[in-house]
$ cat work-v6.cif   # mmCIF, C-alpha atoms
data_entry
loop_
_atom_site.group_PDB
_atom_site.id
_atom_site.type_symbol
_atom_site.label_atom_id
_atom_site.label_comp_id
_atom_site.auth_asym_id
_atom_site.auth_seq_id
_atom_site.Cartn_x
_atom_site.Cartn_y
_atom_site.Cartn_z
ATOM 1 C CA MET A 1 14.157 12.565 2.392
ATOM 2 C CA SER A 2 14.699 14.023 -1.055
ATOM 3 C CA GLY A 3 14.004 17.002 -3.227
ATOM 4 C CA GLU A 4 10.650 15.412 -4.104
ATOM 5 C CA ARG A 5 9.483 14.903 -0.565
ATOM 6 C CA VAL A 6 7.074 17.487 0.799
ATOM 7 C CA LYS A 7 8.441 18.959 4.007
ATOM 8 C CA GLY A 8 6.309 20.673 6.620
ATOM 9 C CA ASN A 9 3.710 22.840 4.901
ATOM 10 C CA ALA A 10 5.798 23.370 1.780
ATOM 11 C CA GLY A 11 3.044 22.055 -0.453
ATOM 12 C CA VAL A 12 0.334 19.531 -1.009
ATOM 13 C CA GLY A 13 1.653 16.030 -1.431
ATOM 14 C CA TYR A 14 0.594 12.409 -1.593
ATOM 15 C CA CYS A 15 1.026 10.222 1.480
ATOM 16 C CA LEU A 16 2.860 6.909 1.238
ATOM 17 C CA GLU A 17 2.171 4.273 3.884
ATOM 18 C CA MET A 18 2.959 0.599 4.331
ATOM 19 C CA SER A 19 1.568 -2.193 6.482
ATOM 20 C CA THR A 20 2.068 -5.934 6.792
ATOM 21 C CA GLY A 21 -0.251 -8.919 7.132
ATOM 22 C CA ASP A 22 -1.667 -12.105 5.672
ATOM 23 C CA MET A 23 -3.220 -11.098 2.348
ATOM 24 C CA ARG A 24 -5.044 -14.405 2.084
ATOM 25 C CA THR A 25 -7.407 -13.354 4.874
ATOM 26 C CA VAL A 26 -8.323 -10.191 2.959
ATOM 27 C CA VAL A 27 -8.960 -12.080 -0.274
ATOM 28 C CA ARG A 28 -11.065 -14.677 1.519
ATOM 29 C CA LEU A 29 -13.163 -11.947 3.142
ATOM 30 C CA LEU A 30 -13.965 -10.313 -0.189
ATOM 31 C CA THR A 31 -14.461 -13.478 -2.252
ATOM 32 C CA ALA A 32 -16.122 -15.945 0.144
ATOM 33 C CA VAL A 33 -19.380 -17.458 -1.079
ATOM 34 C CA GLU A 34 -20.419 -18.032 2.524
ATOM 35 C CA ARG A 35 -18.727 -16.035 5.268
ATOM 36 C CA SER A 36 -18.218 -17.120 8.860
ATOM 37 C CA GLU A 37 -19.645 -15.104 11.744
ATOM 38 C CA ARG A 38 -16.194 -13.703 12.371
ATOM 39 C CA GLN A 39 -15.870 -12.609 8.750
ATOM 40 C CA GLU A 40 -19.295 -10.976 8.898
ATOM 41 C CA ARG A 41 -18.247 -8.998 11.975
ATOM 42 C CA THR A 42 -15.053 -7.944 10.241
ATOM 43 C CA LEU A 43 -16.958 -6.937 7.122
ATOM 44 C CA ALA A 44 -19.300 -4.814 9.237
ATOM 45 C CA ARG A 45 -16.300 -2.963 10.700
ATOM 46 C CA VAL A 46 -14.856 -2.453 7.230
ATOM 47 C CA ARG A 47 -18.189 -1.084 5.987
ATOM 48 C CA THR A 48 -18.284 1.372 8.899
ATOM 49 C CA GLU A 49 -14.822 2.657 7.993
ATOM 50 C CA CYS A 50 -15.879 3.005 4.358
ATOM 51 C CA GLU A 51 -18.904 5.045 5.428
ATOM 52 C CA ARG A 52 -16.688 7.279 7.577
ATOM 53 C CA THR A 53 -14.398 7.892 4.622
ATOM 54 C CA ASP A 54 -17.425 8.751 2.478
ATOM 55 C CA VAL A 55 -18.493 11.341 5.061
ATOM 56 C CA ARG A 56 -15.007 12.831 5.226
ATOM 57 C CA PHE A 57 -14.800 13.092 1.452
ATOM 58 C CA ARG A 58 -18.207 14.778 1.242
ATOM 59 C CA GLU A 59 -17.098 17.300 3.872
ATOM 60 C CA GLN A 60 -14.029 17.999 1.722
ATOM 61 C CA GLY A 61 -16.180 18.475 -1.374
ATOM 62 C CA ILE A 62 -14.900 15.301 -3.036
ATOM 63 C CA ASP A 63 -17.614 13.758 -5.208
ATOM 64 C CA LEU A 64 -17.211 10.081 -6.129
ATOM 65 C CA ASP A 65 -19.429 8.454 -8.753
ATOM 66 C CA VAL A 66 -19.752 5.393 -6.520
ATOM 67 C CA SER A 67 -19.616 5.703 -2.741
ATOM 68 C CA ILE A 68 -16.867 3.729 -1.023
ATOM 69 C CA ALA A 69 -19.428 1.812 1.018
ATOM 70 C CA GLN A 70 -21.263 0.850 -2.175
ATOM 71 C CA ALA A 71 -17.956 -0.101 -3.812
ATOM 72 C CA LEU A 72 -17.275 -2.472 -0.911
ATOM 73 C CA ASP A 73 -20.650 -4.149 -1.369
ATOM 74 C CA GLU A 74 -20.046 -4.489 -5.103
ATOM 75 C CA LEU A 75 -16.607 -6.036 -4.516
ATOM 76 C CA VAL A 76 -18.119 -8.559 -2.121
ATOM 77 C CA GLU A 77 -20.837 -9.378 -4.654
ATOM 78 C CA GLY A 78 -18.290 -9.513 -7.485
ATOM 79 C CA THR A 79 -20.251 -6.985 -9.533
ATOM 80 C CA PRO A 80 -18.446 -3.620 -9.858
ATOM 81 C CA SER A 81 -20.788 -1.186 -11.618
ATOM 82 C CA THR A 82 -18.013 0.719 -13.400
ATOM 83 C CA ASP A 83 -14.523 0.160 -14.771
ATOM 84 C CA LEU A 84 -13.202 3.541 -13.651
ATOM 85 C CA CYS A 85 -13.561 4.855 -10.079
ATOM 86 C CA PRO A 86 -11.186 5.233 -7.098
ATOM 87 C CA SER A 87 -13.816 4.090 -4.584
ATOM 88 C CA TYR A 88 -12.958 0.416 -5.066
ATOM 89 C CA SER A 89 -9.319 1.038 -4.156
ATOM 90 C CA TYR A 90 -10.387 2.841 -0.981
ATOM 91 C CA ALA A 91 -12.781 0.003 -0.114
ATOM 92 C CA PHE A 92 -10.079 -2.600 -0.675
ATOM 93 C CA TYR A 93 -7.684 -0.643 1.504
ATOM 94 C CA GLN A 94 -10.190 -0.599 4.352
ATOM 95 C CA ALA A 95 -10.471 -4.392 4.073
ATOM 96 C CA VAL A 96 -6.689 -4.595 4.293
ATOM 97 C CA ALA A 97 -6.561 -2.225 7.258
ATOM 98 C CA ALA A 98 -8.895 -4.526 9.201
ATOM 99 C CA HIS A 99 -6.357 -7.352 8.958
ATOM 100 C CA PHE A 100 -2.911 -5.770 8.644
ATOM 101 C CA SER A 101 -0.572 -4.003 11.061
ATOM 102 C CA ASP A 102 -0.867 -0.323 11.856
ATOM 103 C CA PRO A 103 0.516 1.672 8.917
ATOM 104 C CA THR A 104 4.077 2.970 8.828
ATOM 105 C CA ASP A 105 4.416 6.492 7.457
ATOM 106 C CA LEU A 106 6.880 6.702 4.560
ATOM 107 C CA GLY A 107 6.391 10.412 3.971
ATOM 108 C CA ALA A 108 4.563 12.770 1.646
ATOM 109 C CA TRP A 109 5.620 13.171 -1.964
ATOM 110 C CA ARG A 110 4.789 15.726 -4.648
ATOM 111 C CA ARG A 111 4.800 13.227 -7.523
ATOM 112 C CA PRO A 112 4.475 9.440 -7.316
ATOM 113 C CA SER A 113 6.239 9.277 -10.682
ATOM 114 C CA TRP A 114 9.450 10.439 -8.969
ATOM 115 C CA PHE A 115 9.980 6.850 -7.885
ATOM 116 C CA TYR A 116 10.467 5.775 -11.497
ATOM 117 C CA ALA A 117 13.499 8.052 -11.658
ATOM 118 C CA MET A 118 14.694 6.367 -8.475
ATOM 119 C CA ASP A 119 14.241 3.045 -10.281
ATOM 120 C CA ASP A 120 16.698 4.134 -12.951
ATOM 121 C CA GLU A 121 19.263 5.208 -10.366
ATOM 122 C CA LEU A 122 19.020 1.973 -8.372
ATOM 123 C CA ALA A 123 19.032 -0.221 -11.484
ATOM 124 C CA ARG A 124 22.158 1.563 -12.683
ATOM 125 C CA HIS A 125 23.912 0.243 -9.586
ATOM 126 C CA GLY A 126 22.632 -3.316 -9.990
ATOM 127 C CA VAL A 127 19.511 -3.491 -7.807
ATOM 128 C CA PRO A 128 17.247 -6.282 -9.182
ATOM 129 C CA SER A 129 14.129 -5.189 -11.059
ATOM 130 C CA ASP A 130 11.666 -6.764 -8.595
ATOM 131 C CA LEU A 131 13.164 -4.663 -5.778
ATOM 132 C CA LEU A 132 12.825 -1.315 -7.526
ATOM 133 C CA PRO A 133 10.245 1.000 -5.895
ATOM 134 C CA GLY A 134 8.333 1.619 -9.119
ATOM 135 C CA THR A 135 7.767 -2.130 -9.321
ATOM 136 C CA PHE A 136 6.403 -2.820 -5.843
ATOM 137 C CA LEU A 137 4.794 0.541 -5.009
ATOM 138 C CA PHE A 138 2.442 0.458 -7.996
ATOM 139 C CA SER A 139 2.053 -3.274 -8.675
ATOM 140 C CA GLY A 140 -1.644 -3.219 -7.821
ATOM 141 C CA PRO A 141 -3.789 -5.333 -5.481
ATOM 142 C CA PRO A 142 -4.063 -9.138 -5.663
ATOM 143 C CA LEU A 143 -7.676 -8.740 -6.803
ATOM 144 C CA ARG A 144 -8.759 -7.111 -10.040
ATOM 145 C CA LEU A 145 -10.291 -3.716 -9.224
ATOM 146 C CA PRO A 146 -11.723 -0.965 -11.414
ATOM 147 C CA HIS A 147 -8.993 1.527 -12.312
ATOM 148 C CA PRO A 148 -8.911 4.537 -9.943
ATOM 149 C CA GLY A 149 -8.736 6.897 -12.924
ATOM 150 C CA ASP A 150 -5.571 8.679 -11.787
ATOM 151 C CA ALA A 151 -2.115 7.953 -10.429
ATOM 152 C CA VAL A 152 -3.510 7.846 -6.903
ATOM 153 C CA PRO A 153 -4.750 6.136 -4.883
ATOM 154 C CA ALA A 154 -2.212 3.466 -5.754
ATOM 155 C CA ILE A 155 -1.794 0.031 -4.214
ATOM 156 C CA GLY A 156 1.373 -2.027 -4.330
ATOM 157 C CA THR A 157 2.623 -5.199 -2.686
ATOM 158 C CA LEU A 158 5.923 -6.870 -1.907
ATOM 159 C CA PRO A 159 6.310 -10.428 -0.572
ATOM 160 C CA ALA A 160 7.478 -10.140 3.036
ATOM 161 C CA GLN A 161 10.137 -12.757 2.384
ATOM 162 C CA ARG A 162 11.818 -10.296 -0.022
ATOM 163 C CA ALA A 163 12.187 -7.577 2.624
ATOM 164 C CA ALA A 164 15.657 -8.726 3.683
ATOM 165 C CA ALA A 165 16.880 -8.833 0.082
ATOM 166 C CA LEU A 166 15.587 -5.298 -0.498
ATOM 167 C CA ALA A 167 17.256 -3.992 2.663
ATOM 168 C CA ASP A 168 20.567 -5.616 1.664
ATOM 169 C CA ALA A 169 20.399 -4.346 -1.920
ATOM 170 C CA TYR A 170 19.633 -0.747 -0.981
ATOM 171 C CA ALA A 171 22.167 -0.622 1.854
ATOM 172 C CA SER A 172 24.903 -1.923 -0.440
ATOM 173 C CA VAL A 173 24.521 0.949 -2.928
ATOM 174 C CA LEU A 174 23.747 3.873 -0.601
ATOM 175 C CA GLY A 175 27.210 5.370 -0.880
ATOM 176 C CA ARG A 176 27.065 5.381 -4.672
ATOM 177 C CA LEU A 177 23.594 6.839 -5.168
ATOM 178 C CA ASP A 178 22.916 10.356 -6.353
ATOM 179 C CA PRO A 179 22.185 12.458 -3.214
ATOM 180 C CA GLU A 180 18.620 13.076 -4.434
ATOM 181 C CA TYR A 181 17.767 9.409 -3.884
ATOM 182 C CA ARG A 182 20.002 8.511 -0.956
ATOM 183 C CA ASP A 183 17.674 9.421 1.913
ATOM 184 C CA ALA A 184 14.719 7.600 0.366
ATOM 185 C CA ALA A 185 16.832 4.489 -0.232
ATOM 186 C CA ARG A 186 18.115 4.622 3.343
ATOM 187 C CA ARG A 187 14.568 4.879 4.692
ATOM 188 C CA PHE A 188 13.422 1.892 2.652
ATOM 189 C CA ALA A 189 16.440 -0.108 3.789
ATOM 190 C CA GLU A 190 15.671 0.676 7.436
ATOM 191 C CA VAL A 191 11.986 -0.210 7.350
ATOM 192 C CA MET A 192 12.588 -3.346 5.291
ATOM 193 C CA ARG A 193 15.267 -4.540 7.692
ATOM 194 C CA PHE A 194 12.710 -4.202 10.487
ATOM 195 C CA GLU A 195 10.032 -5.986 8.425
ATOM 196 C CA ALA A 196 12.434 -8.823 7.638
ATOM 197 C CA GLU A 197 13.118 -9.334 11.339
ATOM 198 C CA GLU A 198 9.401 -9.207 12.138
ATOM 199 C CA TRP A 199 8.650 -11.763 9.425
ATOM 200 C CA GLU A 200 11.240 -14.186 10.803
ATOM 201 C CA SER A 201 9.862 -13.746 14.335
ATOM 202 C CA SER A 202 6.291 -14.314 13.160
ATOM 203 C CA ARG A 203 7.205 -17.552 11.431
ATOM 204 C CA THR A 204 8.630 -18.945 14.658
ATOM 205 C CA LEU A 205 5.269 -18.151 16.280
ATOM 206 C CA GLY A 206 3.354 -19.968 13.561
ATOM 207 C CA THR A 207 1.876 -16.939 11.801
ATOM 208 C CA ASN A 208 2.511 -15.781 8.264
ATOM 209 C CA PRO A 209 2.313 -12.022 7.546
ATOM 210 C CA ASP A 210 3.254 -12.763 3.948
ATOM 211 C CA THR A 211 2.579 -9.407 2.287
ATOM 212 C CA ILE A 212 3.832 -5.854 2.664
ATOM 213 C CA LEU A 213 1.223 -3.472 1.280
ATOM 214 C CA PHE A 214 1.966 0.058 0.062
ATOM 215 C CA TRP A 215 -0.762 2.680 -0.061
ATOM 216 C CA PHE A 216 -0.179 5.926 -1.974
ATOM 217 C CA HIS A 217 -3.041 8.364 -1.467
#

$ encode --input "work-v6.cif" --output "structure tokens"
Amino acid sequence: MSGERVKGNAGVGYCLEMSTGDMRTVVRLLTAVERSERQERTLARVRTECERTDVRFREQGIDLDVSIAQALDELVEGTPSTDLCPSYSYAFYQAVAAHFSDPTDLGAWRRPSWFYAMDDELARHGVPSDLLPGTFLFSGPPLRLPHPGDAVPAIGTLPAQRAAALADAYASVLGRLDPEYRDAARRFAEVMRFEAEEWESSRTLGTNPDTILFWFH
């Protein structure tokens, strides 16, 4: 995809994924004063996934000050016990995963900050600021969470209704981009064209997958 993308086993990188869904259902799950039976069942599944992630991290020797399962409980109660811990981001992501589409793999990258250089290249050719990757990849969740303490994990969102505009903007400048950024821009244009079509189809069916979520981890 670019000189910054990790290919094969060339090195350790950060994974970038995206999924689509109705963010309102996630927010309601985490902020409801009284949850429905269906929400309680969903929350139980989310807690199980958080516990599985805790086990995997312990097996990898990763020590978190707050477990992800505990972070989920604290988010639901509205009482995070710290201002600095990645566990809350992982817990939020598991809540999203319970409601959103299966994730689309956007590759592995050595440095998330590379996308800010891509911002400069796209902006130089007239791509609007709200469609630059550094804007939507790292915009944060719709709920206030304790800071993860590092560049990753990172959460970003883009309104699904902007997917078509992003696909058009990137496709229109592909031929003028520096080769380092061309493959990444092409990939974003392709997946956003698909998401735009899916969003239009969903609206005709009466559903509203209003948010595209990006997960850098």

$ closest_residue --input "work-v6.cif" --among "A:Pro80, A:Gly149, A:Pro142, A:Gly134" --to "Thr25 in chain A" --atoms "only C-alpha atoms"
A:Pro142

$ closest_atom_pairs --input "work-v6.cif" --of "range 91-184 of chain A" --to "range 26-44 of chain A" --cutoff "12 Å" --atoms "only C-alpha atoms" --output "tab-separated table"
residue	atom	partner	partner_atom	distance
A:Ala91	CA	A:Leu30	CA	10.4
A:Phe92	CA	A:Val26	CA	8.6
A:Tyr93	CA	A:Val26	CA	9.7
A:Gln94	CA	A:Leu43	CA	9.7
A:Ala95	CA	A:Val26	CA	6.3
A:Val96	CA	A:Val26	CA	6.0
A:Ala97	CA	A:Val26	CA	9.2
A:Ala98	CA	A:Thr42	CA	7.1
A:His99	CA	A:Val26	CA	6.9
A:Phe100	CA	A:Val26	CA	9.0
A:Pro141	CA	A:Val27	CA	10.0
A:Pro142	CA	A:Val27	CA	7.9
A:Leu143	CA	A:Val27	CA	7.4
A:Arg144	CA	A:Val27	CA	11.0
A:Leu145	CA	A:Leu30	CA	11.8

$ closest_residue --input "work-v6.cif" --among "A:Ser87, A:Ala184, A:Gln161, A:Asp210" --to "Asp63 in chain A" --atoms "only C-alpha atoms"
A:Ser87

$ closest_residue --input "work-v6.cif" --among "A:Tyr170, A:Tyr181, A:Phe188, A:Trp199" --to "Leu16 in chain A" --atoms "all atoms listed in the file"
A:Phe188

$ closest_residue --input "work-v6.cif" --among "A:Phe57, A:Tyr88, A:Phe214, A:Tyr116" --to "Pro159 in chain A" --atoms "only C-alpha atoms"
A:Phe214

$ atom_distance --input "work-v6.cif" --atom1 "CA of Ala108 in chain A" --atom2 "CA of Asp150 in chain A"
17.3 Å

$ atom_distance --input "work-v6.cif" --atom1 "CA of Thr104 in chain A" --atom2 "CA of Ser19 in chain A"
6.2 Å

$ resolve_selection --input "work-v6.cif" --expression "the PyMOL selection byres ((chain A and resi 13) around 6)" --output "list in words"
Val12, Tyr14, Ala108, Trp109 and Arg110 of chain A

$ atom_distance --input "work-v6.cif" --atom1 "CA of Glu51 in chain A" --atom2 "CA of Ala69 in chain A"
5.5 Å

$ resolve_selection --input "work-v6.cif" --expression "the PyMOL selection byres ((chain A and resi 105) around 8)" --output "PyMOL selection string"
chain A and resi 15-18+103-104+106-107

$ closest_residue --input "work-v6.cif" --among "A:Arg58, A:His217, A:Arg193, A:Arg24" --to "Pro153 in chain A" --atoms "all atoms listed in the file"
A:His217

$ decode --input "work-v6.cif" --residues "range 43-62 of chain A" --atoms "C-alpha atoms" --output "compact mmCIF listing (two decimals), in the first residue's frame"
# COMPACT_ATOMS: atom_id res chain seq x y z
CA LEU A 43 -23.80 -6.30 27.66
CA ALA A 44 -23.12 -9.82 28.93
CA ARG A 45 -21.67 -10.77 25.53
CA VAL A 46 -19.54 -7.64 25.51
CA ARG A 47 -18.25 -8.42 29.01
CA THR A 48 -17.31 -11.94 27.89
CA GLU A 49 -15.29 -10.53 24.99
CA CYS A 50 -13.58 -8.08 27.34
CA GLU A 51 -12.63 -10.95 29.65
CA ARG A 52 -11.24 -12.91 26.70
CA THR A 53 -9.12 -9.95 25.69
CA ASP A 54 -7.86 -9.65 29.28
CA VAL A 55 -6.79 -13.31 29.18
CA ARG A 56 -5.04 -12.86 25.84
CA PHE A 57 -3.17 -9.81 27.08
CA ARG A 58 -2.05 -11.60 30.25
CA GLU A 59 -0.76 -14.49 28.12
CA GLN A 60 1.21 -11.94 26.08
CA GLY A 61 2.65 -10.38 29.24
CA ILE A 62 0.70 -7.14 28.81
